[in-house]
Structures are given as C-alpha cells and as structure tokens.
There are 2 protein chains.
Amino acid sequence: MIQQIAEIIKKGRTFLVTSHMRLDGDAVGSELALYEALRGLGKEVVVYNQDRTPQMYSFLPDAGIIVNRLGPLDGFDAVFVLDCSEIERAGEEASRIAGIRQIVNIDHHISNDHYGNLTLTDPEASSTGEMIFRLVEGMGLEITKDMAVNLYTAILTDTGAFRYSNTGPKTFAVAGRLLEKGADPAWIAQMVYETFPAVKIRLLSRALSTLEFDWQGRIAAVTVSKKMLDEAGAQWEHTEGFVEFPRSIEGVQVAAFFSEIGEGFYKVSLRSKGRFNIEQVAGKFGGGGHINAAACRMQGDFDTVKRKLFDAIKNGGR
Amino acid sequence: MIQQIAEIIKKGRTFLVTSHMRLDGDAVGSELALYEALRGLGKEVVVYNQDRTPQMYSFLPDAGIIVNRLGPLDGFDAVFVLDCSEIERAGEEASRIAGIRQIVNIDHHISNDHYGNLTLTDPEASSTGEMIFRLVEGMGLEITKDMAVNLYTAILTDTGAFRYSNTGPKTFAVAGRLLEKGADPAWIAQMVYETFPAVKIRLLSRALSTLEFDWQGRIAAVTVSKKMLDEAGAQWEHTEGFVEFPRSIEGVQVAAFFSEIGEGFYKVSLRSKGRFNIEQVAGKFGGGGHINAAACRMQGDFDTVKRKLFDAIKNGGR
C-alpha cells in the first residue's frame, strides 16, 4: 500500500491534505508532517481544515500554513484524508472533497469505513501520526526535525501522554526515533499540557473544596458555581479537565462535575471507570456520550438535581 | 563495571538492597526489580528502607517484602544502595549500612559522590530504573513481568510520565522493551496517577489556595503547613505531585512547593522548565537533584525562607 501511495505522490504535483472537525493533536500533527514530506519532494500542498487550529497546537511547526477555506478543487491530483473514520468527518466540504480524483484514506480508527481509492488503515497504531511516520520512512524520506515535532505531538496527545491502552511497544519505538530526529519531549509536553492560566489553578482550588461523595464513595462530585467563576475571574473553558480530579480518587466508579451555567441550570460532565456505562445515565436526562465519558443538562434546585442524578447512577449504568 | 557487579552477585549469598528517605517510584521500583533479579539467582535478599512504602506504590509486585527495620548487618555479603547521590540519603541507618563489606552504589544523579566500593553512575539515564534494566540485561538475566512492572513504574515516575527533559531515545527504547515483557502502561498509569485517597484531593484544594507568584510570574509557589495537613487528616506522602500544579502555569519557569515539616523547618521541592538549572539553586541550600527537579531543606521564618529562595532563583540557575 505504501508503494501505491508513493506512486500517487510521485506522479502528482498538487495535493490537498485534510482531517476531521474538532481538531486534535493527532489530526494537526499528522497533516503538518505529511505537508512537510510532500513539500520536501517539491510538491504543491494545501492543508485545509473546517475548524481553526486550537490555540494549544499553534506552536506546531508550519501550523500557520493551514487554511480554513477551500477554493476550486479541480487542480488537485489527490487528497489525503487523515484520521477520519468516515470522509463526512471532514465537515461541510466533505462532499466536494469526495469529488477529487484520487482519495487517500489514512487512519488508525477501527471503525474506518474504507472510503477512498487507497486506504491505509491500522487499528493497531496508536495514532495516525504513528502511521505517517511509517509512511514517510517507508518512502525512503528523511524525517526532519519539524516532522518529528509534529508527529511526536500527534502520538503524545492521542495516547493521553502514553497513558491510554493504545500505547504499545511500537508506540515507544516510534517516539524514541522521533526524539533522535530532534523532537524535544519536555518542550512539547510543556507546550501541550503546561500552559494553564493562573486563574485556572485558582478556580481548581475552589472547585476541589466542593468535593462530595455518595454511594459509599463510589460517586464523587465537584461543582463550580457562576459565583465561583466570577470571583476567580475565570471562564467556563478553564474548567476543562476538572472532572478528572474526582475520577482519580480511589474507589470512585463515577465522577460528576456540575457547572452552574445559570440560576438552577446545570451542565453535568460524567466519567466512569471500567465497565460502568455512564452514557446510559446521561441518556436518562437527555444527554449522551460514550461508555466512560458522557454529559447532560439538568435543571432545578441543586440538592434535587444531585439526588436525581445520584439515584440514576445507583440504579443504572450496568 | 556490570561485570564486576555480576562477580559480587555470583560470589555472595545474602544481599541488602536499600534506597533513600522519602521514597519515590524510582527508588521502590528499582529496589524491587533488583530484588527479583537476585531472588531469581537463588540469593537471599533483604530490601530495607527507612520510610514506609507510599500507598501509591503498594501495587508494585513484591512491595510487601520491604522492611523498615534492620537487624544485625554482619551477615550481608554486599549492599546495593540505589538512587542515592550520597549514602547518607539512606537515612538513620546509613552509617551502619556504610559498614557492610561491599557497597555497590547505583545511581543516575549527576551529583553522586562516588561512595562505595563499586560505583555505577549514569547521569544520562532517565532513572535508576533504566540503569537496573541494563544491569539485569547485561548480566544475561531474563526480565520477568514483575521486573517490567517495577522498572516501568520507576521510569514513568522519574520522567514525570515522559514529560521531563531526562526523557530521551534510550528511555523510550527501554520503556518499549518493558511493555514487550508484560508491563501494562495504562494500568500502571492508573495505579500511580489515578488512585488518590480523597484526603489528597482535599489537601490539594487547600494547597492550591496558597498559590503565589514572584519575579513577574516566572516563579510560582504553593505551601502545605503542618496545620493544613492535620486538618485534612493527610500525610506528607499525599503531597506528592503537588509541585506540578504551579509548574503547569503559563509563563512559570520555576515552581516551588514548601512543606512545613516542623515549626520553622521547610522541605522545598523545586521544578524548572527548559534549561533553567534548578539543581544549582537547591545546591546553594545544601540540596540536590537534577536540572529540572531538585529539593532542599530550609529553616527560619517563612517569609525570610521564601525571600532567600526566590532571590537565589532570580540570581542563578543558568
């Protein structure tokens, strides 16, 4: 397959590279590394995403070349669709992109539906970044330092900093090679994970002071009220990741994070461990998500909201 | 050097293995992996530490064999002192341990003072665990699954989950080998980072409320007093990792975590980003560590202690 992709690259002159909506580190890092490889071969390359690059990935080499608008597509010899299990995940331009004469589908999701003329999928790969590394190496190209930074970031973020179960011996083998090629793991981790605004830490301190338990310690919850937010001078985006703190507690099976988004209106982020299906609980209140991560909105007096939610957790989820 | 160590192991029958006070994952993981290697050779082995094993490391294979009391030492053919830059770091039994006929000093700290009859130091190694891996392999022994779990935990914790600058290509090479030998990275990360006692989260909330800055935001510090500890019903081991919170703030170059271990006595954990050499700062107060992670003890009125430390940071480190 790599040889067929190499052939398309060799024959073509102008390429489009794209990925999914709601960009993550694997999407952006993979795109930019492939961009650099193609540019190194003297090709013309456009990297398009529907959504803007999240601020936390703006440090990535060449991040500035990504565009969020597409002109006419008939000049492109091929499009590389990265990290998308279905081409529709590319967003509002998906149907136009699907009209490009050659579609190369490169993805590590097990759910990939094999769209496109050429499909390179590997559900064993930690990330699409890991696959791009093998593609670039397999084509006999040099991994530059910029590619190494982009691909290391892709792998780092898609493995939750090597903490998710998709981390394997091959992941570390590739990560080690990327370090040899010049990626600085401490600097990249710093850029991705360690640039919190101080208000976030202050708000976290307040939020954790609300920690409470139910169901003999199997449910843990923390709350941020509008008042706490205002007093800390923070925004709702600063609460991202707060639900991980009650989740990290020994014996906790379900963690809840309540955001008081209005008087008597609550957004509830839910996390569960192991086989506890938290999506079913969120579903009872009109929400949704996955087995271990879901969310819903609830309304009413806070004590009543909590009691309803905790009762639903105790009665459901399995 | 590995051959000389192998010779000592071959000739001896009874060994002591020890490490430093205030145990961390590298100390415990390295000790237990070496214990397993020696036991595999049919040796008698005692693993002694002055301090009890922190709860978060009780999941480590064979953690239950560690003792905190030492009987007479004349029966030991050799002692392995792991991860200690000076033998005094072994604690109150250090002088008795120093009397054992063969002292093998295995450590990755650059400040190691080369005590002992045989010294194996490698400041390039991410951790003592990485060195024990090479020692065990270098002796031609099989890395068992238990050793892999212990050594992976040592490396994971001493690199801050592969986020510190001591993470290099060799670190990933060893980590990958340990996964091949049966270490489960997601399970280990969960055991180390996601099974906190509730008191830890309560104490964290209190600790973060003390967040303060100096040097136009380049220094951030948090403090836990004895009173806060008592009120939360917590132990000092529950403060492990707290220094990462001030470190994670945007613009912070140096993070300090003060533990008030006695009236007017402070243990200071220090972390820096990039090339800021925090070990030099700790060294000024009789402490030590690595370029990005160090510690020292200070004494006096708290405001004076802070001023002295912050002045040293502003004047040094590069």
# chains A, B, ... in the order shown; residues from 1 in each chain; ligands from 1

$ interface_residues --of "chain B" --to "chain A" --cutoff "8 Å" --atoms "only C-alpha atoms" --output "PDB file with N, CA and C atoms, in the first residue's frame"
ATOM      1  N   ALA B 161       6.047  10.974  33.821  1.00  0.00           N
ATOM      2  CA  ALA B 161       5.265  10.424  32.707  1.00  0.00           C
ATOM      3  C   ALA B 161       5.816  10.909  31.360  1.00  0.00           C
ATOM      4  N   PHE B 162       7.141  10.783  31.204  1.00  0.00           N
ATOM      5  CA  PHE B 162       7.841  11.108  29.951  1.00  0.00           C
ATOM      6  C   PHE B 162       7.727  12.589  29.578  1.00  0.00           C
ATOM      7  N   ARG B 163       7.598  13.428  30.617  1.00  0.00           N
ATOM      8  CA  ARG B 163       7.455  14.862  30.338  1.00  0.00           C
ATOM      9  C   ARG B 163       8.684  15.666  30.719  1.00  0.00           C
ATOM     10  N   TYR B 164       9.591  15.091  31.499  1.00  0.00           N
ATOM     11  CA  TYR B 164      10.774  15.844  31.902  1.00  0.00           C
ATOM     12  C   TYR B 164      11.870  15.690  30.839  1.00  0.00           C
ATOM     13  N   SER B 165      12.858  16.580  30.925  1.00  0.00           N
ATOM     14  CA  SER B 165      13.891  16.577  29.890  1.00  0.00           C
ATOM     15  C   SER B 165      14.870  15.416  30.046  1.00  0.00           C
ATOM     16  N   THR B 167      13.895  12.561  29.636  1.00  0.00           N
ATOM     17  CA  THR B 167      13.325  11.594  28.694  1.00  0.00           C
ATOM     18  C   THR B 167      14.100  11.643  27.386  1.00  0.00           C
ATOM     19  N   GLY B 168      14.661  10.545  26.989  1.00  0.00           N
ATOM     20  CA  GLY B 168      15.435  10.520  25.746  1.00  0.00           C
ATOM     21  C   GLY B 168      15.115   9.287  24.935  1.00  0.00           C
ATOM     22  N   PRO B 169      15.752   9.166  23.756  1.00  0.00           N
ATOM     23  CA  PRO B 169      15.509   7.983  22.912  1.00  0.00           C
ATOM     24  C   PRO B 169      15.721   6.675  23.672  1.00  0.00           C
ATOM     25  N   LYS B 170      16.743   6.641  24.532  1.00  0.00           N
ATOM     26  CA  LYS B 170      17.027   5.402  25.273  1.00  0.00           C
ATOM     27  C   LYS B 170      15.924   5.094  26.276  1.00  0.00           C
ATOM     28  N   THR B 171      15.330   6.165  26.848  1.00  0.00           N
ATOM     29  CA  THR B 171      14.221   5.963  27.787  1.00  0.00           C
ATOM     30  C   THR B 171      13.091   5.223  27.101  1.00  0.00           C
ATOM     31  N   PHE B 172      12.743   5.702  25.897  1.00  0.00           N
ATOM     32  CA  PHE B 172      11.652   5.060  25.160  1.00  0.00           C
ATOM     33  C   PHE B 172      12.038   3.656  24.707  1.00  0.00           C
ATOM     34  N   ALA B 173      13.297   3.487  24.373  1.00  0.00           N
ATOM     35  CA  ALA B 173      13.738   2.148  23.961  1.00  0.00           C
ATOM     36  C   ALA B 173      13.530   1.170  25.115  1.00  0.00           C
ATOM     37  N   ALA B 175      11.517   1.627  27.775  1.00  0.00           N
ATOM     38  CA  ALA B 175      10.074   1.546  28.070  1.00  0.00           C
ATOM     39  C   ALA B 175       9.388   0.568  27.110  1.00  0.00           C
ATOM     40  N   GLY B 176       9.751   0.641  25.843  1.00  0.00           N
ATOM     41  CA  GLY B 176       9.177  -0.268  24.849  1.00  0.00           C
ATOM     42  C   GLY B 176       9.502  -1.725  25.163  1.00  0.00           C
ATOM     43  N   ARG B 177      10.740  -1.966  25.562  1.00  0.00           N
ATOM     44  CA  ARG B 177      11.146  -3.337  25.930  1.00  0.00           C
ATOM     45  C   ARG B 177      10.345  -3.828  27.136  1.00  0.00           C
ATOM     46  N   LEU B 179       7.326  -2.970  27.957  1.00  0.00           N
ATOM     47  CA  LEU B 179       5.978  -3.321  27.512  1.00  0.00           C
ATOM     48  C   LEU B 179       5.986  -4.708  26.876  1.00  0.00           C
ATOM     49  N   GLU B 180       7.015  -4.971  26.077  1.00  0.00           N
ATOM     50  CA  GLU B 180       7.131  -6.306  25.477  1.00  0.00           C
ATOM     51  C   GLU B 180       7.216  -7.394  26.547  1.00  0.00           C
ATOM     52  N   ASP B 184       1.924  -3.183  31.632  1.00  0.00           N
ATOM     53  CA  ASP B 184       0.729  -2.604  31.008  1.00  0.00           C
ATOM     54  C   ASP B 184       0.713  -1.102  31.314  1.00  0.00           C
ATOM     55  N   PRO B 185       1.006  -0.262  30.313  1.00  0.00           N
ATOM     56  CA  PRO B 185       1.204   1.165  30.599  1.00  0.00           C
ATOM     57  C   PRO B 185      -0.050   1.866  31.106  1.00  0.00           C
ATOM     58  N   ALA B 186      -1.234   1.446  30.617  1.00  0.00           N
ATOM     59  CA  ALA B 186      -2.469   2.115  31.046  1.00  0.00           C
ATOM     60  C   ALA B 186      -2.781   1.740  32.492  1.00  0.00           C
ATOM     61  N   ALA B 189      -0.214   3.472  34.833  1.00  0.00           N
ATOM     62  CA  ALA B 189      -0.515   4.907  34.960  1.00  0.00           C
ATOM     63  C   ALA B 189      -1.727   5.117  35.858  1.00  0.00           C
ATOM     64  N   GLN B 190      -2.718   4.235  35.730  1.00  0.00           N
ATOM     65  CA  GLN B 190      -3.903   4.357  36.584  1.00  0.00           C
ATOM     66  C   GLN B 190      -3.542   4.123  38.052  1.00  0.00           C
ATOM     67  N   TYR B 193      -1.279   7.254  39.053  1.00  0.00           N
ATOM     68  CA  TYR B 193      -1.810   8.611  38.961  1.00  0.00           C
ATOM     69  C   TYR B 193      -3.306   8.729  39.217  1.00  0.00           C
ATOM     70  N   GLU B 194      -4.026   7.611  39.279  1.00  0.00           N
ATOM     71  CA  GLU B 194      -5.485   7.731  39.361  1.00  0.00           C
ATOM     72  C   GLU B 194      -6.106   6.935  40.491  1.00  0.00           C
ATOM     73  N   THR B 195      -5.383   6.740  41.573  1.00  0.00           N
ATOM     74  CA  THR B 195      -5.996   6.089  42.734  1.00  0.00           C
ATOM     75  C   THR B 195      -5.590   6.879  43.972  1.00  0.00           C
ATOM     76  N   PHE B 196      -5.985   8.125  43.932  1.00  0.00           N
ATOM     77  CA  PHE B 196      -5.666   9.014  45.038  1.00  0.00           C
ATOM     78  C   PHE B 196      -6.662   8.819  46.173  1.00  0.00           C
ATOM     79  N   PRO B 197      -6.209   8.893  47.423  1.00  0.00           N
ATOM     80  CA  PRO B 197      -7.176   8.941  48.510  1.00  0.00           C
ATOM     81  C   PRO B 197      -7.877  10.304  48.507  1.00  0.00           C
ATOM     82  N   ALA B 198      -9.117  10.316  48.971  1.00  0.00           N
ATOM     83  CA  ALA B 198      -9.899  11.553  48.968  1.00  0.00           C
ATOM     84  C   ALA B 198      -9.185  12.662  49.745  1.00  0.00           C
ATOM     85  N   ILE B 201      -7.057  14.910  47.608  1.00  0.00           N
ATOM     86  CA  ILE B 201      -7.749  15.930  46.809  1.00  0.00           C
ATOM     87  C   ILE B 201      -8.158  17.107  47.704  1.00  0.00           C
ATOM     88  N   ARG B 202      -8.595  16.778  48.935  1.00  0.00           N
ATOM     89  CA  ARG B 202      -8.951  17.860  49.863  1.00  0.00           C
ATOM     90  C   ARG B 202      -7.723  18.708  50.212  1.00  0.00           C
ATOM     91  N   LEU B 204      -5.072  19.019  48.350  1.00  0.00           N
ATOM     92  CA  LEU B 204      -4.697  19.747  47.135  1.00  0.00           C
ATOM     93  C   LEU B 204      -5.478  21.047  47.030  1.00  0.00           C
ATOM     94  N   SER B 205      -6.772  20.969  47.328  1.00  0.00           N
ATOM     95  CA  SER B 205      -7.610  22.164  47.282  1.00  0.00           C
ATOM     96  C   SER B 205      -7.047  23.249  48.207  1.00  0.00           C
ATOM     97  N   ARG B 206      -6.696  22.849  49.442  1.00  0.00           N
ATOM     98  CA  ARG B 206      -6.116  23.792  50.407  1.00  0.00           C
ATOM     99  C   ARG B 206      -4.773  24.320  49.911  1.00  0.00           C
ATOM    100  N   ALA B 207      -3.941  23.400  49.412  1.00  0.00           N
ATOM    101  CA  ALA B 207      -2.596  23.777  48.959  1.00  0.00           C
ATOM    102  C   ALA B 207      -2.672  24.808  47.830  1.00  0.00           C
ATOM    103  N   LEU B 208      -3.562  24.543  46.857  1.00  0.00           N
ATOM    104  CA  LEU B 208      -3.642  25.441  45.689  1.00  0.00           C
ATOM    105  C   LEU B 208      -4.157  26.825  46.082  1.00  0.00           C
ATOM    106  N   SER B 209      -4.870  26.890  47.202  1.00  0.00           N
ATOM    107  CA  SER B 209      -5.363  28.203  47.644  1.00  0.00           C
ATOM    108  C   SER B 209      -4.210  29.103  48.120  1.00  0.00           C
ATOM    109  N   LEU B 211      -1.471  29.499  46.371  1.00  0.00           N
ATOM    110  CA  LEU B 211      -0.689  29.843  45.172  1.00  0.00           C
ATOM    111  C   LEU B 211      -0.226  31.299  45.188  1.00  0.00           C
ATOM    112  N   PHE B 245       1.452  21.467  39.882  1.00  0.00           N
ATOM    113  CA  PHE B 245       0.390  22.446  39.611  1.00  0.00           C
ATOM    114  C   PHE B 245       0.944  23.848  39.366  1.00  0.00           C
ATOM    115  N   PRO B 246       1.767  24.389  40.281  1.00  0.00           N
ATOM    116  CA  PRO B 246       2.373  25.682  39.922  1.00  0.00           C
ATOM    117  C   PRO B 246       3.246  25.575  38.668  1.00  0.00           C
ATOM    118  N   ARG B 247       3.886  24.413  38.471  1.00  0.00           N
ATOM    119  CA  ARG B 247       4.739  24.238  37.290  1.00  0.00           C
ATOM    120  C   ARG B 247       3.925  24.313  35.988  1.00  0.00           C
ATOM    121  N   SER B 248       2.647  23.924  36.050  1.00  0.00           N
ATOM    122  CA  SER B 248       1.853  23.849  34.823  1.00  0.00           C
ATOM    123  C   SER B 248       1.347  25.207  34.354  1.00  0.00           C
ATOM    124  N   ILE B 249       1.620  26.243  35.121  1.00  0.00           N
ATOM    125  CA  ILE B 249       1.064  27.557  34.780  1.00  0.00           C
ATOM    126  C   ILE B 249       1.912  28.247  33.711  1.00  0.00           C
ATOM    127  N   GLU B 250       1.196  28.818  32.777  1.00  0.00           N
ATOM    128  CA  GLU B 250       1.758  29.602  31.677  1.00  0.00           C
ATOM    129  C   GLU B 250       2.760  30.641  32.195  1.00  0.00           C
ATOM    130  N   GLY B 251       3.932  30.665  31.598  1.00  0.00           N
ATOM    131  CA  GLY B 251       4.900  31.695  31.948  1.00  0.00           C
ATOM    132  C   GLY B 251       5.767  31.357  33.143  1.00  0.00           C
ATOM    133  N   GLY B 274      12.619  23.847  30.849  1.00  0.00           N
ATOM    134  CA  GLY B 274      13.678  24.122  29.883  1.00  0.00           C
ATOM    135  C   GLY B 274      15.056  24.029  30.479  1.00  0.00           C
TER     136      GLY B 274
END

$ residues_around --residues "B:Ile143" --least-positions-apart "6" --cutoff "9 Å" --atoms "only C-alpha atoms" --output "ChimeraX atom specification"
/B:33,37,133,136-137,178,181

$ calpha_fit_rmsd --fixed "chain B" --moving "chain A"
4.5 Å

$ select_by_dssp --residues "stretch 7-243 of chain B" --states "strand (DSSP E)" --output "PyMOL selection string"
chain B and resi 14-18+44-48+78-82+103-107+118-121+212-214+219-224

$ write_last_selection --atoms "N, CA and C atoms" --output "mmCIF file, in the first residue's frame"
data_model
loop_
_atom_site.group_PDB
_atom_site.id
_atom_site.type_symbol
_atom_site.label_atom_id
_atom_site.label_comp_id
_atom_site.auth_asym_id
_atom_site.auth_seq_id
_atom_site.Cartn_x
_atom_site.Cartn_y
_atom_site.Cartn_z
ATOM 1 N N THR B 14 23.992 -13.424 50.457
ATOM 2 C CA THR B 14 22.985 -12.628 51.167
ATOM 3 C C THR B 14 23.227 -11.143 50.887
ATOM 4 N N PHE B 15 22.184 -10.478 50.403
ATOM 5 C CA PHE B 15 22.342 -9.082 49.991
ATOM 6 C C PHE B 15 21.310 -8.171 50.640
ATOM 7 N N LEU B 16 21.754 -6.974 50.895
ATOM 8 C CA LEU B 16 20.845 -5.919 51.336
ATOM 9 C C LEU B 16 20.639 -4.966 50.155
ATOM 10 N N VAL B 17 19.415 -4.529 49.976
ATOM 11 C CA VAL B 17 19.103 -3.522 48.948
ATOM 12 C C VAL B 17 18.414 -2.373 49.663
ATOM 13 N N THR B 18 18.860 -1.166 49.406
ATOM 14 C CA THR B 18 18.226 -0.025 50.071
ATOM 15 C C THR B 18 18.214 1.196 49.159
ATOM 16 N N GLU B 44 19.654 -14.731 48.911
ATOM 17 C CA GLU B 44 18.814 -14.198 49.970
ATOM 18 C C GLU B 44 18.921 -12.678 49.924
ATOM 19 N N VAL B 45 17.776 -12.029 50.001
ATOM 20 C CA VAL B 45 17.760 -10.575 49.804
ATOM 21 C C VAL B 45 16.847 -9.916 50.823
ATOM 22 N N VAL B 46 17.345 -8.861 51.448
ATOM 23 C CA VAL B 46 16.504 -8.018 52.290
ATOM 24 C C VAL B 46 16.440 -6.645 51.634
ATOM 25 N N VAL B 47 15.222 -6.128 51.461
ATOM 26 C CA VAL B 47 15.066 -4.758 50.977
ATOM 27 C C VAL B 47 14.629 -3.909 52.166
ATOM 28 N N TYR B 48 15.467 -2.960 52.512
ATOM 29 C CA TYR B 48 15.189 -2.098 53.669
ATOM 30 C C TYR B 48 15.089 -0.643 53.230
ATOM 31 N N ALA B 78 26.990 -8.014 50.648
ATOM 32 C CA ALA B 78 27.077 -6.701 49.982
ATOM 33 C C ALA B 78 25.761 -5.959 50.147
ATOM 34 N N VAL B 79 25.832 -4.650 50.020
ATOM 35 C CA VAL B 79 24.617 -3.836 49.994
ATOM 36 C C VAL B 79 24.563 -3.069 48.673
ATOM 37 N N PHE B 80 23.383 -3.034 48.072
ATOM 38 C CA PHE B 80 23.143 -2.219 46.889
ATOM 39 C C PHE B 80 22.416 -0.957 47.345
ATOM 40 N N VAL B 81 23.066 0.161 47.180
ATOM 41 C CA VAL B 81 22.448 1.440 47.560
ATOM 42 C C VAL B 81 21.994 2.102 46.261
ATOM 43 N N LEU B 82 20.686 2.213 46.098
ATOM 44 C CA LEU B 82 20.121 2.642 44.814
ATOM 45 C C LEU B 82 19.576 4.064 44.874
ATOM 46 N N ILE B 103 30.007 -2.268 49.201
ATOM 47 C CA ILE B 103 28.937 -1.299 48.933
ATOM 48 C C ILE B 103 28.874 -1.037 47.432
ATOM 49 N N VAL B 104 27.725 -1.342 46.838
ATOM 50 C CA VAL B 104 27.535 -1.098 45.407
ATOM 51 C C VAL B 104 26.576 0.089 45.262
ATOM 52 N N ASN B 105 27.079 1.117 44.633
ATOM 53 C CA ASN B 105 26.381 2.395 44.510
ATOM 54 C C ASN B 105 25.848 2.503 43.078
ATOM 55 N N ILE B 106 24.541 2.417 42.915
ATOM 56 C CA ILE B 106 23.942 2.504 41.568
ATOM 57 C C ILE B 106 22.988 3.695 41.553
ATOM 58 N N ASP B 107 23.292 4.647 40.702
ATOM 59 C CA ASP B 107 22.544 5.909 40.774
ATOM 60 C C ASP B 107 22.679 6.695 39.468
ATOM 61 N N LEU B 118 32.040 -0.131 44.650
ATOM 62 C CA LEU B 118 31.755 -0.178 43.220
ATOM 63 C C LEU B 118 30.703 0.879 42.936
ATOM 64 N N THR B 119 30.963 1.700 41.964
ATOM 65 C CA THR B 119 30.031 2.783 41.645
ATOM 66 C C THR B 119 29.596 2.669 40.191
ATOM 67 N N LEU B 120 28.294 2.553 39.992
ATOM 68 C CA LEU B 120 27.734 2.547 38.639
ATOM 69 C C LEU B 120 26.833 3.770 38.553
ATOM 70 N N THR B 121 27.349 4.814 37.928
ATOM 71 C CA THR B 121 26.523 6.019 37.805
ATOM 72 C C THR B 121 26.375 6.363 36.324
ATOM 73 N N GLU B 212 1.062 31.498 45.016
ATOM 74 C CA GLU B 212 1.580 32.869 44.938
ATOM 75 C C GLU B 212 2.677 32.951 43.875
ATOM 76 N N PHE B 213 2.935 34.153 43.428
ATOM 77 C CA PHE B 213 3.879 34.370 42.344
ATOM 78 C C PHE B 213 4.964 35.354 42.750
ATOM 79 N N ASP B 214 6.095 35.269 42.051
ATOM 80 C CA ASP B 214 7.142 36.272 42.195
ATOM 81 C C ASP B 214 7.840 36.377 40.827
ATOM 82 N N ILE B 219 8.126 32.785 38.864
ATOM 83 C CA ILE B 219 8.175 31.864 39.998
ATOM 84 C C ILE B 219 6.751 31.698 40.521
ATOM 85 N N ALA B 220 6.333 30.454 40.721
ATOM 86 C CA ALA B 220 5.041 30.179 41.354
ATOM 87 C C ALA B 220 5.297 29.217 42.502
ATOM 88 N N ALA B 221 4.587 29.436 43.611
ATOM 89 C CA ALA B 221 4.813 28.586 44.774
ATOM 90 C C ALA B 221 3.506 28.225 45.457
ATOM 91 N N VAL B 222 3.454 27.025 46.000
ATOM 92 C CA VAL B 222 2.359 26.620 46.878
ATOM 93 C C VAL B 222 2.957 26.018 48.146
ATOM 94 N N THR B 223 2.169 26.049 49.203
ATOM 95 C CA THR B 223 2.663 25.668 50.526
ATOM 96 C C THR B 223 1.665 24.764 51.228
ATOM 97 N N VAL B 224 2.181 23.751 51.908
ATOM 98 C CA VAL B 224 1.343 22.979 52.829
ATOM 99 C C VAL B 224 1.963 23.097 54.217
#

$ residues_around --residues "A:Thr153" --least-positions-apart "2" --cutoff "8 Å" --atoms "only C-alpha atoms" --output "number ranges by chain"
A: 25-26, 29, 149-151, 155-157, 188

$ atom_distance --atom1 "atom CA of A:Ser126" --atom2 "atom CA of A:Val28"
15.3 Å

$ select_by_dssp --residues "stretch 70-125 of chain B" --states "alpha helix (DSSP H)" --output "list in words"
Ala94, Ser95, Arg96 and Ile97 of chain B

$ write_last_selection --atoms "C-alpha atoms" --output "short mmCIF file (atom, residue, chain, number, x, y, z; two decimals), in the first residue's frame"
data_model
loop_
_atom_site.label_atom_id
_atom_site.label_comp_id
_atom_site.auth_asym_id
_atom_site.auth_seq_id
_atom_site.Cartn_x
_atom_site.Cartn_y
_atom_site.Cartn_z
CA ALA B 94 23.27 5.00 56.80
CA SER B 95 26.37 4.72 58.99
CA ARG B 96 25.67 1.08 59.85
CA ILE B 97 24.98 0.34 56.18
#

$ residues_around --residues "A:Lys11" --least-positions-apart "4" --cutoff "9 Å" --atoms "only C-alpha atoms" --output "list in words"
Ala6, Glu7 and Asp77 of chain A

$ write_last_selection --atoms "C-alpha atoms" --output "tab-separated table (two decimals), in the first residue's frame"
chain	number	residue	atom	x	y	z
A	6	ALA	CA	4.34	6.66	-3.13
A	7	GLU	CA	3.35	6.23	-6.78
A	77	ASP	CA	-4.19	15.49	-8.19

$ closest_residue --among "B:Asp146, B:Asn68, B:Ile278, B:Cys84" --to "B:Tyr35" --atoms "only C-alpha atoms"
B:Asp146

$ residues_around --residues "B:Ser58" --least-positions-apart "4" --cutoff "10 Å" --atoms "only C-alpha atoms" --output "PyMOL selection string"
chain B and resi 28+53-54+62-64+191-192

$ atom_distance --atom1 "atom CA of A:Arg89" --atom2 "atom CA of A:Met147"
24.3 Å

$ closest_residue --among "B:Glu279, B:Asp113, B:Glu237, B:Asp158" --to "B:Ile261" --atoms "only C-alpha atoms"
B:Glu237

$ closest_residue --among "A:Arg307, A:Lys10, A:Arg52, A:Arg275" --to "A:Arg69" --atoms "only C-alpha atoms"
A:Arg52

$ residues_around --residues "A:His109" --least-positions-apart "2" --cutoff "7 Å" --atoms "only C-alpha atoms" --output "PDB file with C-alpha atoms, in the first residue's frame"
ATOM      1  CA  SER A  85     -13.101   7.092  10.060  1.00  0.00           C
ATOM      2  CA  ASP A 107      -6.444   6.367   9.598  1.00  0.00           C
ATOM      3  CA  SER A 111     -14.352   1.943  12.698  1.00  0.00           C
ATOM      4  CA  ASN A 112     -12.843   3.257   9.418  1.00  0.00           C
ATOM      5  CA  PRO A 123      -6.170  -0.126  14.173  1.00  0.00           C
TER       6      PRO A 123
END

$ atom_distance --atom1 "atom CA of B:Ile313" --atom2 "atom CA of B:Tyr266"
16.7 Å

$ decode --residues "stretch 180-195 of chain B" --atoms "N, CA and C atoms" --output "short mmCIF file (atom, residue, chain, number, x, y, z; two decimals), in the first residue's frame"
data_model
loop_
_atom_site.label_atom_id
_atom_site.label_comp_id
_atom_site.auth_asym_id
_atom_site.auth_seq_id
_atom_site.Cartn_x
_atom_site.Cartn_y
_atom_site.Cartn_z
N GLU B 180 7.01 -4.97 26.08
CA GLU B 180 7.13 -6.31 25.48
C GLU B 180 7.22 -7.39 26.55
N LYS B 181 7.80 -7.04 27.69
CA LYS B 181 7.97 -8.01 28.77
C LYS B 181 6.73 -8.11 29.66
N GLY B 182 5.70 -7.34 29.33
CA GLY B 182 4.44 -7.54 30.04
C GLY B 182 3.94 -6.38 30.88
N ALA B 183 4.68 -5.28 30.97
CA ALA B 183 4.17 -4.12 31.71
C ALA B 183 3.00 -3.52 30.94
N ASP B 184 1.92 -3.18 31.63
CA ASP B 184 0.73 -2.60 31.01
C ASP B 184 0.71 -1.10 31.31
N PRO B 185 1.01 -0.26 30.31
CA PRO B 185 1.20 1.17 30.60
C PRO B 185 -0.05 1.87 31.11
N ALA B 186 -1.23 1.45 30.62
CA ALA B 186 -2.47 2.12 31.05
C ALA B 186 -2.78 1.74 32.49
N TRP B 187 -2.60 0.48 32.83
CA TRP B 187 -2.89 0.03 34.20
C TRP B 187 -1.90 0.67 35.19
N ILE B 188 -0.63 0.70 34.82
CA ILE B 188 0.37 1.29 35.73
C ILE B 188 0.09 2.77 35.92
N ALA B 189 -0.21 3.47 34.83
CA ALA B 189 -0.52 4.91 34.96
C ALA B 189 -1.73 5.12 35.86
N GLN B 190 -2.72 4.24 35.73
CA GLN B 190 -3.90 4.36 36.58
C GLN B 190 -3.54 4.12 38.05
N MET B 191 -2.74 3.09 38.31
CA MET B 191 -2.36 2.79 39.69
C MET B 191 -1.55 3.95 40.30
N VAL B 192 -0.68 4.54 39.48
CA VAL B 192 0.20 5.59 40.02
C VAL B 192 -0.52 6.93 40.10
N TYR B 193 -1.28 7.25 39.05
CA TYR B 193 -1.81 8.61 38.96
C TYR B 193 -3.31 8.73 39.22
N GLU B 194 -4.03 7.61 39.28
CA GLU B 194 -5.48 7.73 39.36
C GLU B 194 -6.11 6.93 40.49
N THR B 195 -5.38 6.74 41.57
CA THR B 195 -6.00 6.09 42.73
C THR B 195 -5.59 6.88 43.97
#
